[in-house]
Structure formats: C-alpha cells, structure tokens
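Data block for entry_20.cif (mmCIF, C-alpha atoms and all ligand atoms):
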data_coords
#
loop_
_atom_site.label_atom_id
_atom_site.label_comp_id
_atom_site.auth_asym_id
_atom_site.auth_seq_id
_atom_site.Cartn_x
_atom_site.Cartn_y
_atom_site.Cartn_z
CA MET A 1157 -47.86 -3.66 -2.83
CA THR A 1158 -45.10 -2.99 -0.34
CA LYS A 1159 -42.75 -5.84 0.46
CA PRO A 1160 -42.67 -7.19 4.01
CA ARG A 1161 -39.79 -5.74 6.02
CA VAL A 1162 -36.93 -7.83 7.39
CA LEU A 1163 -34.40 -6.77 10.01
CA SER A 1164 -31.49 -8.71 11.45
CA GLY A 1165 -27.99 -8.21 12.76
CA VAL A 1166 -24.81 -9.82 14.00
CA GLN A 1167 -22.43 -8.58 16.67
CA PRO A 1168 -19.01 -7.45 15.51
CA THR A 1169 -17.17 -9.56 18.06
CA GLY A 1170 -14.33 -11.59 16.59
CA SER A 1171 -14.74 -13.31 13.26
CA LEU A 1172 -18.01 -14.58 11.95
CA HIS A 1173 -18.21 -18.34 11.84
CA LEU A 1174 -20.09 -21.04 10.02
CA GLY A 1175 -22.97 -20.89 12.53
CA ASN A 1176 -23.51 -17.16 11.87
CA TRP A 1177 -23.48 -17.84 8.18
CA LEU A 1178 -25.68 -20.91 7.98
CA GLY A 1179 -27.99 -19.85 10.83
CA ALA A 1180 -28.42 -16.23 9.80
CA ILE A 1181 -26.62 -14.46 6.94
CA LYS A 1182 -27.23 -17.12 4.26
CA ASN A 1183 -30.95 -16.76 4.87
CA TRP A 1184 -30.75 -12.98 4.71
CA VAL A 1185 -29.31 -13.23 1.20
CA GLU A 1186 -32.29 -15.26 0.04
CA LEU A 1187 -34.78 -12.73 1.36
CA GLN A 1188 -33.38 -9.73 -0.50
CA ASP A 1189 -35.60 -9.95 -3.58
CA SER A 1190 -38.88 -10.72 -1.91
CA HIS A 1191 -38.48 -8.48 1.15
CA ASP A 1192 -37.44 -4.95 2.12
CA THR A 1193 -34.27 -5.92 3.97
CA PHE A 1194 -32.37 -4.03 6.69
CA PHE A 1195 -29.21 -5.53 8.18
CA CYS A 1196 -27.25 -3.89 10.94
CA VAL A 1197 -23.91 -4.51 12.55
CA VAL A 1198 -24.90 -4.43 16.21
CA ASP A 1199 -21.85 -2.77 17.73
CA LEU A 1200 -23.73 -1.55 20.83
CA HIS A 1201 -24.44 -5.17 21.67
CA ALA A 1202 -20.74 -5.95 21.33
CA ILE A 1203 -19.89 -3.84 24.38
CA THR A 1204 -22.23 -5.72 26.73
CA VAL A 1205 -19.22 -7.86 27.66
CA PRO A 1206 -15.74 -6.37 28.16
CA HIS A 1207 -14.33 -5.27 24.79
CA ASP A 1208 -11.09 -3.96 23.32
CA PRO A 1209 -11.51 -0.37 22.04
CA HIS A 1210 -8.73 -0.93 19.50
CA GLU A 1211 -10.67 -3.75 17.90
CA LEU A 1212 -14.26 -2.44 17.87
CA ALA A 1213 -14.15 -0.24 14.75
CA LYS A 1214 -12.04 -2.77 12.87
CA ASN A 1215 -14.44 -5.59 13.69
CA THR A 1216 -17.41 -3.43 12.74
CA ILE A 1217 -16.04 -2.72 9.27
CA SER A 1218 -14.96 -6.29 8.78
CA THR A 1219 -18.40 -7.61 9.77
CA ALA A 1220 -20.06 -5.25 7.29
CA ALA A 1221 -17.58 -6.38 4.61
CA LEU A 1222 -18.49 -9.98 5.36
CA TYR A 1223 -22.20 -9.26 4.93
CA TYR A 1224 -21.44 -8.08 1.40
CA ALA A 1225 -18.96 -10.90 0.78
CA CYS A 1226 -21.69 -13.41 1.66
CA GLY A 1227 -24.00 -11.94 -0.95
CA ILE A 1228 -25.80 -9.00 0.63
CA ASP A 1229 -26.32 -6.57 -2.23
CA SER A 1230 -26.18 -2.83 -1.60
CA SER A 1231 -28.71 -2.15 -4.32
CA LYS A 1232 -31.25 -4.38 -2.57
CA SER A 1233 -30.54 -4.15 1.15
CA THR A 1234 -29.89 -1.40 3.65
CA VAL A 1235 -26.77 -2.16 5.69
CA PHE A 1236 -25.83 0.13 8.57
CA VAL A 1237 -24.03 0.32 11.89
CA GLN A 1238 -26.31 0.25 14.93
CA SER A 1239 -24.45 2.94 16.92
CA HIS A 1240 -24.66 5.34 13.95
CA VAL A 1241 -28.43 5.57 14.38
CA SER A 1242 -29.00 7.07 17.81
CA SER A 1243 -32.68 6.09 17.92
CA HIS A 1244 -31.58 2.56 18.90
CA SER A 1245 -30.29 3.77 22.25
CA GLU A 1246 -33.21 6.13 22.71
CA LEU A 1247 -35.90 3.55 22.05
CA CYS A 1248 -34.00 1.10 24.26
CA TRP A 1249 -34.35 3.51 27.19
CA LEU A 1250 -38.04 4.08 26.57
CA LEU A 1251 -38.65 0.32 26.40
CA ASP A 1252 -36.46 -0.22 29.48
CA CYS A 1253 -38.87 1.80 31.54
CA LEU A 1254 -41.75 -0.38 30.39
CA THR A 1255 -40.12 -3.80 30.69
CA PRO A 1256 -40.40 -5.76 33.95
CA LEU A 1257 -37.03 -6.71 35.38
CA ASN A 1258 -38.03 -10.34 35.83
CA TRP A 1259 -38.63 -10.71 32.07
CA LEU A 1260 -34.92 -10.05 31.60
CA GLU A 1261 -33.73 -12.15 34.50
CA ARG A 1262 -35.36 -15.15 32.82
CA MET A 1263 -33.36 -14.87 29.59
CA ILE A 1264 -31.26 -17.99 29.02
CA GLN A 1265 -28.48 -16.17 27.16
CA PHE A 1266 -28.14 -13.68 30.02
CA LYS A 1267 -27.91 -16.46 32.58
CA GLU A 1268 -25.28 -18.30 30.53
CA LYS A 1269 -23.17 -15.22 29.82
CA ALA A 1270 -23.56 -13.77 33.32
CA VAL A 1271 -22.01 -16.87 34.86
CA LYS A 1272 -18.88 -16.25 32.80
CA GLN A 1273 -18.66 -12.58 33.93
CA GLY A 1274 -18.91 -13.26 37.67
CA ASP A 1275 -19.14 -10.05 39.72
CA ASN A 1276 -18.40 -7.92 36.70
CA VAL A 1277 -21.63 -8.61 34.86
CA SER A 1278 -22.90 -5.30 33.49
CA VAL A 1279 -26.36 -3.79 33.47
CA GLY A 1280 -25.89 -3.68 29.70
CA LEU A 1281 -25.72 -7.46 29.48
CA LEU A 1282 -29.02 -7.77 31.31
CA ASN A 1283 -30.43 -5.09 29.03
CA TYR A 1284 -29.17 -6.72 25.83
CA PRO A 1285 -32.56 -8.15 24.79
CA VAL A 1286 -34.30 -4.77 25.20
CA LEU A 1287 -31.76 -3.15 22.89
CA MET A 1288 -32.40 -5.99 20.46
CA ALA A 1289 -36.14 -5.36 20.74
CA ALA A 1290 -35.48 -1.68 19.97
CA ASP A 1291 -33.44 -2.68 16.86
CA ILE A 1292 -36.33 -4.70 15.54
CA LEU A 1293 -39.27 -2.50 16.55
CA LEU A 1294 -37.69 0.71 15.19
CA TYR A 1295 -37.99 -0.63 11.64
CA ASP A 1296 -41.53 -2.05 11.86
CA ALA A 1297 -39.98 -5.37 10.93
CA ASP A 1298 -42.39 -8.11 9.87
CA LEU A 1299 -39.78 -10.85 10.00
CA VAL A 1300 -36.54 -11.41 11.88
CA PRO A 1301 -34.30 -14.16 10.47
CA VAL A 1302 -32.07 -15.54 13.23
CA GLY A 1303 -30.67 -18.79 14.56
CA GLU A 1304 -32.63 -20.77 17.12
CA ASP A 1305 -30.67 -19.36 20.07
CA GLN A 1306 -32.39 -15.99 19.53
CA LYS A 1307 -35.95 -17.30 19.72
CA GLN A 1308 -36.45 -16.27 23.33
CA HIS A 1309 -35.21 -12.75 22.62
CA LEU A 1310 -37.69 -12.45 19.78
CA GLU A 1311 -40.53 -13.58 21.98
CA LEU A 1312 -39.51 -10.84 24.41
CA ALA A 1313 -39.54 -8.22 21.65
CA ARG A 1314 -43.06 -9.35 20.70
CA ASN A 1315 -44.26 -9.16 24.29
CA ILE A 1316 -42.78 -5.70 24.82
CA ALA A 1317 -44.41 -4.40 21.62
CA GLN A 1318 -47.78 -5.95 22.30
CA GLN A 1319 -48.26 -5.95 26.04
CA ARG A 1320 -46.17 -3.01 27.16
CA VAL A 1321 -46.47 -0.51 24.31
CA ASN A 1322 -49.46 -1.21 22.09
CA SER A 1323 -51.92 -2.24 24.75
CA ARG A 1324 -50.92 0.55 27.15
CA PHE A 1325 -50.40 3.47 24.82
CA GLY A 1326 -52.11 2.51 21.57
CA SER A 1327 -55.39 1.05 20.49
CA GLU A 1328 -56.33 -2.01 18.50
CA GLU A 1329 -57.01 0.10 15.41
CA LYS A 1330 -53.89 2.18 15.95
CA PRO A 1331 -51.04 0.04 17.24
CA ILE A 1332 -47.83 1.95 17.87
CA LEU A 1333 -45.36 -0.80 17.11
CA LYS A 1334 -45.49 -3.66 14.65
CA VAL A 1335 -45.30 -7.07 16.35
CA PRO A 1336 -42.57 -9.02 14.51
CA GLU A 1337 -42.45 -12.74 13.67
CA PRO A 1338 -39.31 -14.86 14.00
CA LEU A 1339 -37.97 -16.60 10.90
CA ILE A 1340 -35.89 -19.56 11.91
CA ILE A 1341 -34.83 -21.79 9.04
CA LYS A 1342 -34.56 -25.30 10.36
CA GLU A 1343 -31.43 -26.35 8.52
CA GLY A 1344 -28.49 -24.47 9.89
CA ALA A 1345 -30.49 -23.04 12.79
CA ARG A 1346 -28.03 -24.68 15.17
CA VAL A 1347 -24.54 -25.42 14.00
CA MET A 1348 -22.70 -27.19 16.77
CA SER A 1349 -19.11 -26.96 17.97
CA LEU A 1350 -16.50 -29.10 16.25
CA THR A 1351 -15.13 -30.17 19.61
CA ASP A 1352 -18.46 -30.89 21.32
CA GLY A 1353 -21.51 -31.83 19.31
CA THR A 1354 -23.82 -30.85 22.16
CA ALA A 1355 -22.63 -27.21 22.43
CA LYS A 1356 -23.39 -24.58 19.80
CA MET A 1357 -20.59 -23.23 17.66
CA SER A 1358 -19.82 -19.88 19.24
CA LYS A 1359 -17.50 -16.89 18.93
CA SER A 1360 -16.89 -16.96 22.65
CA ASP A 1361 -15.52 -20.52 22.86
CA PRO A 1362 -11.86 -20.07 23.85
CA ASN A 1363 -10.94 -23.07 21.70
CA GLU A 1364 -10.37 -21.83 18.11
CA GLY A 1365 -10.62 -25.43 16.94
CA SER A 1366 -14.29 -25.51 17.92
CA ARG A 1367 -15.38 -23.34 14.98
CA ILE A 1368 -14.76 -22.66 11.31
CA ASN A 1369 -14.42 -18.92 10.78
CA LEU A 1370 -15.56 -17.63 7.42
CA LEU A 1371 -12.10 -16.22 6.79
CA ASP A 1372 -10.10 -19.29 7.85
CA PRO A 1373 -7.57 -20.18 5.12
CA PRO A 1374 -8.02 -23.60 3.44
CA GLU A 1375 -5.16 -25.28 5.36
CA LEU A 1376 -6.70 -24.24 8.65
CA ILE A 1377 -10.14 -25.54 7.65
CA VAL A 1378 -8.60 -28.89 6.73
CA LYS A 1379 -6.74 -28.99 10.05
CA LYS A 1380 -9.80 -28.10 12.12
CA ILE A 1381 -11.93 -30.73 10.40
CA LYS A 1382 -9.19 -33.32 10.82
CA ARG A 1383 -9.12 -32.60 14.56
CA ALA A 1384 -12.91 -32.35 14.96
CA LYS A 1385 -14.33 -34.68 17.59
CA THR A 1386 -15.59 -38.02 16.30
CA ASP A 1387 -16.88 -41.24 17.83
CA PRO A 1388 -15.72 -44.82 17.46
CA MET A 1389 -18.63 -45.89 15.24
CA ILE A 1390 -18.28 -46.55 11.54
CA GLY A 1391 -20.74 -44.90 9.18
CA LEU A 1392 -22.54 -41.58 9.42
CA GLU A 1393 -26.10 -40.71 10.32
CA PHE A 1394 -28.39 -37.79 11.11
CA ASP A 1395 -30.27 -37.21 14.35
CA ASN A 1396 -28.89 -40.03 16.49
CA PRO A 1397 -28.80 -38.39 19.95
CA GLU A 1398 -26.00 -40.74 20.94
CA ARG A 1399 -23.89 -39.39 18.08
CA PRO A 1400 -24.15 -35.58 18.18
CA GLU A 1401 -20.84 -35.08 16.34
CA ALA A 1402 -21.83 -37.35 13.45
CA SER A 1403 -25.13 -35.59 13.09
CA ASN A 1404 -23.57 -32.12 13.22
CA LEU A 1405 -20.81 -32.79 10.69
CA LEU A 1406 -23.19 -34.55 8.33
CA ASN A 1407 -25.63 -31.68 8.64
CA ILE A 1408 -22.90 -29.18 7.81
CA TYR A 1409 -21.94 -31.29 4.81
CA ALA A 1410 -25.56 -31.41 3.63
CA ILE A 1411 -25.95 -27.65 3.81
CA VAL A 1412 -22.66 -26.67 2.21
CA SER A 1413 -22.94 -29.28 -0.55
CA GLY A 1414 -26.55 -28.24 -1.19
CA LEU A 1415 -27.64 -31.89 -1.33
CA GLU A 1416 -30.88 -33.33 0.04
CA ARG A 1417 -30.43 -35.37 3.20
CA GLN A 1418 -31.30 -38.62 1.42
CA LEU A 1419 -28.63 -38.01 -1.21
CA VAL A 1420 -26.10 -37.24 1.50
CA LEU A 1421 -27.00 -40.50 3.22
CA ASN A 1422 -26.65 -42.42 -0.06
CA GLU A 1423 -23.18 -40.98 -0.39
CA CYS A 1424 -21.93 -41.05 3.20
CA ALA A 1425 -23.95 -43.44 5.38
CA SER A 1426 -21.40 -46.20 5.12
CA MET A 1427 -18.26 -44.04 5.10
CA GLY A 1428 -15.72 -44.13 7.90
CA TRP A 1429 -14.49 -40.86 9.41
CA GLY A 1430 -11.21 -41.10 7.50
CA LYS A 1431 -13.04 -40.88 4.21
CA PHE A 1432 -15.76 -38.44 5.26
CA LYS A 1433 -13.58 -35.77 6.83
CA PRO A 1434 -11.58 -34.86 3.71
CA LEU A 1435 -14.83 -34.74 1.76
CA LEU A 1436 -16.34 -32.32 4.27
CA ALA A 1437 -13.17 -30.21 4.45
CA ASP A 1438 -13.11 -29.95 0.67
CA ALA A 1439 -16.74 -28.92 0.48
CA LEU A 1440 -16.16 -26.26 3.13
CA VAL A 1441 -13.06 -24.88 1.42
CA GLU A 1442 -14.89 -24.66 -1.91
CA THR A 1443 -17.98 -23.05 -0.40
CA LEU A 1444 -15.99 -20.45 1.50
CA ARG A 1445 -13.59 -19.65 -1.35
CA PRO A 1446 -15.88 -17.15 -3.12
CA VAL A 1447 -16.78 -15.50 0.20
CA GLN A 1448 -13.09 -15.04 0.97
CA THR A 1449 -12.29 -13.71 -2.49
CA ASN A 1450 -15.16 -11.21 -2.27
CA TYR A 1451 -14.09 -10.18 1.20
CA ALA A 1452 -10.52 -9.41 0.12
CA GLU A 1453 -11.84 -7.21 -2.68
CA ILE A 1454 -14.31 -5.33 -0.50
CA ILE A 1455 -11.95 -4.69 2.37
CA ALA A 1456 -9.33 -3.37 -0.08
CA ASN A 1457 -11.82 -0.62 -0.99
CA LYS A 1458 -12.61 0.53 2.51
CA THR A 1459 -13.54 4.08 1.53
CA GLU A 1460 -16.23 2.76 -0.75
CA LEU A 1461 -17.54 0.53 2.00
CA ILE A 1462 -17.65 3.41 4.48
CA ASP A 1463 -19.57 5.42 1.92
CA ILE A 1464 -22.14 2.67 1.46
CA LEU A 1465 -22.55 2.43 5.24
CA LYS A 1466 -23.22 6.17 5.32
CA GLN A 1467 -25.99 5.78 2.78
CA GLY A 1468 -27.34 2.87 4.80
CA ARG A 1469 -27.37 5.04 7.88
CA GLU A 1470 -29.40 7.72 6.13
CA LYS A 1471 -31.99 5.24 4.94
CA ALA A 1472 -32.18 3.61 8.37
CA GLU A 1473 -32.55 6.98 10.08
CA GLU A 1474 -35.47 7.90 7.86
CA VAL A 1475 -37.46 4.91 9.07
CA ALA A 1476 -36.23 4.93 12.67
CA SER A 1477 -36.95 8.62 13.28
CA LYS A 1478 -40.61 8.12 12.38
CA THR A 1479 -41.00 5.23 14.81
CA ILE A 1480 -39.29 7.03 17.65
CA LYS A 1481 -41.57 10.02 17.13
CA ARG A 1482 -44.61 7.75 17.23
CA VAL A 1483 -43.47 6.22 20.51
CA ARG A 1484 -42.52 9.56 22.09
CA ASP A 1485 -45.90 11.04 21.15
CA ALA A 1486 -47.79 8.00 22.43
CA MET A 1487 -45.89 8.11 25.73
CA GLY A 1488 -46.72 11.78 26.16
CA PHE A 1489 -43.39 13.59 25.80
CA LEU A 1490 -43.31 17.32 25.12
CA GLU A 1491 -42.58 17.84 21.43
CA ALA A 1492 -38.95 18.74 20.76
P1 LIG A 1501 -23.98 -13.67 17.30
O1 LIG A 1501 -22.74 -14.37 16.88
O2 LIG A 1501 -24.41 -14.05 18.67
O3 LIG A 1501 -23.97 -12.19 17.04
O4 LIG A 1501 -25.14 -14.26 16.36
C1 LIG A 1501 -25.49 -13.74 15.11
C2 LIG A 1501 -26.49 -14.61 14.39
O5 LIG A 1501 -25.93 -15.90 14.13
C3 LIG A 1501 -27.79 -14.87 15.18
O6 LIG A 1501 -28.89 -14.88 14.27
C4 LIG A 1501 -27.57 -16.24 15.74
O7 LIG A 1501 -28.79 -16.91 15.99
C5 LIG A 1501 -26.77 -16.91 14.67
N1 LIG A 1501 -25.90 -17.96 15.23
C6 LIG A 1501 -24.87 -17.79 16.10
N2 LIG A 1501 -24.30 -18.98 16.41
C7 LIG A 1501 -24.99 -19.92 15.70
C8 LIG A 1501 -24.87 -21.34 15.58
N3 LIG A 1501 -23.92 -22.04 16.22
N4 LIG A 1501 -25.73 -21.98 14.77
C9 LIG A 1501 -26.69 -21.30 14.09
N5 LIG A 1501 -26.84 -19.97 14.16
C10 LIG A 1501 -26.01 -19.27 14.95
N1 LIG A 1502 -28.77 -10.83 19.67
C1 LIG A 1502 -28.46 -11.21 18.32
C2 LIG A 1502 -27.47 -12.37 18.36
O1 LIG A 1502 -26.68 -12.53 19.22
C3 LIG A 1502 -27.90 -10.08 17.52
C4 LIG A 1502 -28.92 -9.02 17.31
C5 LIG A 1502 -28.95 -7.80 17.89
C6 LIG A 1502 -30.04 -9.10 16.47
N2 LIG A 1502 -30.01 -7.09 17.45
C7 LIG A 1502 -30.73 -7.85 16.59
C8 LIG A 1502 -30.55 -10.10 15.65
C9 LIG A 1502 -31.89 -7.60 15.90
C10 LIG A 1502 -31.74 -9.82 14.95
C11 LIG A 1502 -32.39 -8.59 15.09
O2 LIG A 1502 -27.46 -13.10 17.47
#

Just dump the structure as structure tokens.
Amino acid sequence: MTKPRVLSGVQPTGSLHLGNWLGAIKNWVELQDSHDTFFCVVDLHAITVPHDPHELAKNTISTAALYYACGIDSSKSTVFVQSHVSSHSELCWLLDCLTPLNWLERMIQFKEKAVKQGDNVSVGLLNYPVLMAADILLYDADLVPVGEDQKQHLELARNIAQQRVNSRFGSEEKPILKVPEPLIIKEGARVMSLTDGTAKMSKSDPNEGSRINLLDPPELIVKKIKRAKTDPMIGLEFDNPERPEASNLLNIYAIVSGLERQLVLNECASMGWGKFKPLLADALVETLRPVQTNYAEIIANKTELIDILKQGREKAEEVASKTIKRVRDAMGFLEA
C-alpha cells in the first residue's frame, strides 16, 4: 500500500523560531516513517514582501540545513527549494486565472501584512495563498502539517482544487487534483510572543526579544526568557485568558520538557516567576542544543547539502511534472 503524501514548507525569511519548530517542523519529523514526506523551502513566498537579494540564497540554504538539524532525514523525506521546480510558478498562474479575486481579499494574513506595506503592497502578496495552493496541489498531498495561522490558506487550497478545478474540468470519477486535509497539532499550533502573550511569535516582529530563534546561543535564550513579559500573580496556570503570558510560557515548557500538562502543573503551579523562568530557560537550552550542534555540522558541509537539495529537486520534479501535465490537458492547452 502506498503511504499517504505529506507536503509542507517554511519561508526562508530570517531565522526560524520556536513557533516554526513546535507548530510545524517538529510534527514533520514525526510523520517521516508513516508518510511519503515532501518539504520545501518556499523561497518564492519570501519575496512577497521586500527582500534583500544578498540574503535570499543564504537564508534558503540555512533553512534547509535547519530542516535536517531538526531531524528531517534525507533517506526518508524529499527536501527541495520551491523556486528550483518551475511547475510551482506555472501552476500558480493557471490557478490564478480560476480563483476569484474576492477569495484572496478575504485572507486574514494578507490583510494583516498589507497594512504594514502601505502603498507598496505587491500583487505577489495578494497572490501568496494561490502559490501555496500550487505547492500543495502539485504533489497530490493528502495532508499538510502547519500551524493554526495557515488554516485559512489551506481551506482556500481545498476550495480551489474542488470548486475551481475538479468540478469545472474533471469529473467525480476522474478528479484532476487531490483535495488535501490540514494537519494541525493542537500543542504548539500557536506559540505566542515572549513580549505579548496575545500576539503570535513571528519572524516579522521587529523586537528580537519577542522570539526564541532556533540558533540563539544559550546566553541569549536565558536573557530573552528573563526579560519575557510576566504578570504580577504568583503561580502558573494554563488557559487563563487573563494570563496569556503564563499560559504561553507554561505551554512552551510542557512541550519542550515532553511532560503531560498535569505533571507540569504538579511541578510548576505554585512556582513564582523567579523560580519558573530559569527552569524554562534551561529546558529550552537543552532542547535546542542538539539542533544547534547538528546545524553547525550540516552547514560546514555545504556542498553535500547542495547535492542533497539537487536530488530533492529531481524527485519533486518527477511528481510535479505529472500534475502540471494533467492540469494543462484538462484545461485544454495545445500539447507542447
Ligand atoms: P512562516 O514562518 O510564516 O514561514 O511559517 C512556517 C510554519 O510555521 C507554518 O506552518 C506556520 O503555521 C508555523 N508557525 C509560524 N509561526 C508560528 C507560531 N507562532 N506558532 C506556531 N506555529 C507557527
Ligand atoms: N504560507 C506558509 C507559512 O507562512 C508557508 C507555505 C508556503 C506552506 N507553501 C506551503 C506551508 C505549502 C505548507 C504547504 O507558514
């Protein structure tokens, strides 16, 4: 029996942080044995907001290295760079012409990011979710593991596949695209900012202190946790809406220590911040240590990494070229 297919990706913008890891990459690692896994570095998405051309390639390699450092295994998963497989852009255009504009104008992430861009907001930013749909649909993905913030984009990908492609150009017995399901693991699905427990931890927050990057050295992790926002209450608890910071930090502790919530409560419910913070910082440092050691090793062998990405590209192209042909044929293009 063939394994169900998984596809996901992260943008190579800046360093990956704890939210990317706990919300996405950690779950990818767990799917590698039971699923046919494809992970891409979505560099075309990274240029939907102004970018630095001197940083793009460097960030792309470093993001791929981090995938491997977090436990993605090249003998189990296909890792590749989105822009290396030209079918992504091609399918994006075909889907663009089938997607109603108002579906995109409704996207929450677009509205949030567009505000920050003012008059300079690009067509690409509006189009971001269609490119993401193309990423997913090209590989006939059954499941897409992402954090909660991507749920709306996944719903869009499903609607495009079903309502705009399959029902218009295919038939029930012969669908053209596979309609994917989201896979959102509850724990870690939303890691919040260290400086505001009601905002998600994000690469684009100008305040470095708001996030733990996977490559932050131990001293910096300790410093960021020490400065993390707290409240005047004593004791820690989950899910009290009045105490978003307590809930977030406790949640992070639960995930990185691998302990059940009840055990975490037994240990920490009556702790003050002064006792809890060093405990959390320690747990984070220890959890990230192996990732950082792996990363240093991988990035020191860049040629090898580039070679693996080339192999990934070939495998990705094999699958993607079949899908793009199916869509072209269904839409009635003259054979090339
Ligand atoms: P991005 O950084 O936007 O490229 O996101 C890459 C992946 O990380 C996506 O699956 C996101 O849903 C996930 N992600 C980003 N930020 C967070 C966060 N604060 N908490 C949980 N998951 C996140
Ligand atoms: N939009 C996703 C994010 O910001 C990144 C992404 C692009 C993605 N293409 C994808 C995630 C395909 C999953 C599948 O997190």

*Name the residues, by chain letter and number, that sit within 8 Å of ligand LIG 1501 (chain A) using all atoms listed in the file, and give them as a ChimeraX atom specification.*
/A:1164-1169,1172-1181,1198,1301-1306,1344-1349,1356-1359

Give me, as a PDB file with C-alpha atoms, in the coordinates of the input, all polymer residues having an atom no more than 8 Å from A:Pro1336, counting all atoms listed in the file and skipping those fewer than 5 positions away in the same chain.
ATOM      1  CA  ILE A1292     -36.330  -4.700  15.540  1.00  0.00           C
ATOM      2  CA  LEU A1293     -39.270  -2.500  16.550  1.00  0.00           C
ATOM      3  CA  ASP A1296     -41.530  -2.050  11.860  1.00  0.00           C
ATOM      4  CA  ALA A1297     -39.980  -5.370  10.930  1.00  0.00           C
ATOM      5  CA  ASP A1298     -42.390  -8.110   9.870  1.00  0.00           C
ATOM      6  CA  LEU A1299     -39.780 -10.850  10.000  1.00  0.00           C
ATOM      7  CA  VAL A1300     -36.540 -11.410  11.880  1.00  0.00           C
ATOM      8  CA  LEU A1310     -37.690 -12.450  19.780  1.00  0.00           C
ATOM      9  CA  ALA A1313     -39.540  -8.220  21.650  1.00  0.00           C
ATOM     10  CA  ARG A1314     -43.060  -9.350  20.700  1.00  0.00           C
TER      11      ARG A1314
END

*Any idea what the distance is between atom CA of A:Leu1254 and atom CA of A:Arg1320?*
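Interatomic distance, atom CA of A:Leu1254 to atom CA of A:Arg1320: 6.1 Å.
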
Centre and size of axis-aligned box enclosing ligand LIG 1502 (chain A) plus 8 Å each side, as JSON:
{"center_x": -29.5, "center_y": -10.1, "center_z": 17.3, "size_x": 21.7, "size_y": 22.0, "size_z": 20.7}

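One distance worth recording is that between atom CA of A:Glu1246 and atom CA of A:Glu1328, which is 24.9 Å.
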
*Of the candidates A:Met1263, A:Ala1384, A:Leu1294, A:Val1286, which one gets nearest to A:Thr1479 if we count only C-alpha atoms?*
A:Leu1294

*Any idea what the distance is between atom CA of A:Ala1202 and atom N2 of ligand LIG 1502 (chain A)?*
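If I compute the distance from atom CA of A:Ala1202 to atom N2 of ligand LIG 1502 (chain A), I get 10.1 Å.
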
*asked:* Applying 7 Å and only C-alpha atoms, which residues near A:Ile1480 remain after dropping the ones on its own chain fewer than 4 positions away? List them as a list of chain:residue names.
replied: A:Ser1243, A:Leu1247, A:Leu1294, A:Ala1476, A:Arg1484

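With all atoms listed in the file as the atoms that count, the residue of A:Gly1326, A:Pro1331, A:Pro1400, A:Pro1434 with the shortest distance to A:Ala1355 is A:Pro1400.
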
*asked:* The residues within 6 Å of (-27.6, -35.2, 5.8), using all atoms listed in the file and the coordinates of the file, should be reported as number ranges by chain; which are they?
replied: A: 1394, 1406-1407, 1410, 1417, 1420-1421

*Looking at all atoms listed in the file, which of A:Gly1170, A:Pro1256, A:Pro1397, A:Pro1285 is the one that sits closest to ligand LIG 1502 (chain A)?*
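Closest to ligand LIG 1502 (chain A), using all atoms listed in the file: A:Pro1285.
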
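Across A:Ile1340, A:Ile1455, A:Cys1196, A:Leu1370, the tightest approach to ligand LIG 1502 (chain A) is made by A:Cys1196 when counting only C-alpha atoms and all ligand atoms.
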
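The shortest atom-to-atom distance to ligand LIG 1502 (chain A), with all atoms listed in the file taken into account, belongs to A:Met1288 out of A:Met1288, A:Leu1435, A:Val1185, A:Ile1368.
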
Counting only C-alpha atoms, find the residues whose atoms lie at most 10 Å from (-16.6, -11.6, 4.2) (file coordinates) and write them out as a short mmCIF file (atom, residue, chain, number, x, y, z; two decimals) with C-alpha atoms, in the frame of the given file.
data_model
loop_
_atom_site.label_atom_id
_atom_site.label_comp_id
_atom_site.auth_asym_id
_atom_site.auth_seq_id
_atom_site.Cartn_x
_atom_site.Cartn_y
_atom_site.Cartn_z
CA SER A 1171 -14.74 -13.31 13.26
CA LEU A 1172 -18.01 -14.58 11.95
CA SER A 1218 -14.96 -6.29 8.78
CA THR A 1219 -18.40 -7.61 9.77
CA ALA A 1220 -20.06 -5.25 7.29
CA ALA A 1221 -17.58 -6.38 4.61
CA LEU A 1222 -18.49 -9.98 5.36
CA TYR A 1223 -22.20 -9.26 4.93
CA TYR A 1224 -21.44 -8.08 1.40
CA ALA A 1225 -18.96 -10.90 0.78
CA CYS A 1226 -21.69 -13.41 1.66
CA GLY A 1227 -24.00 -11.94 -0.95
CA LEU A 1370 -15.56 -17.63 7.42
CA LEU A 1371 -12.10 -16.22 6.79
CA LEU A 1444 -15.99 -20.45 1.50
CA PRO A 1446 -15.88 -17.15 -3.12
CA VAL A 1447 -16.78 -15.50 0.20
CA GLN A 1448 -13.09 -15.04 0.97
CA THR A 1449 -12.29 -13.71 -2.49
CA ASN A 1450 -15.16 -11.21 -2.27
CA TYR A 1451 -14.09 -10.18 1.20
CA ALA A 1452 -10.52 -9.41 0.12
CA GLU A 1453 -11.84 -7.21 -2.68
CA ILE A 1454 -14.31 -5.33 -0.50
CA ILE A 1455 -11.95 -4.69 2.37
#

_What's around A:Thr1351 at 10 Å? Count all atoms listed in the file, leave out sequence neighbours fewer than 4 positions away in its own chain, and write the answer as a PyMOL selection string._
chain A and resi 1355-1357+1363-1367+1380-1381+1383-1386+1401

_Best match for closeness to ligand LIG 1502 (chain A) among A:Leu1312, A:Ala1437, A:Ile1228, A:Ala1213, counting only C-alpha atoms and all ligand atoms_ = A:Leu1312

*What's the 12 Å shell around A:His1240, counting all atoms listed in the file, without same-chain residues fewer than 3 positions away, as a PyMOL selection string?*
chain A and resi 1196-1200+1213+1216+1235-1237+1243-1245+1462+1465-1473+1476

*asked:* For A:Asp1387, find every residue with an atom within 9 Å (counting all atoms listed in the file), except residues of its own chain fewer than 2 positions away, and show them as a list in words.
replied: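 With the cut-off at 9 Å, the set is Lys1385, Met1389, Ile1390, Arg1399, Glu1401, Ala1402 and Trp1429 of chain A.
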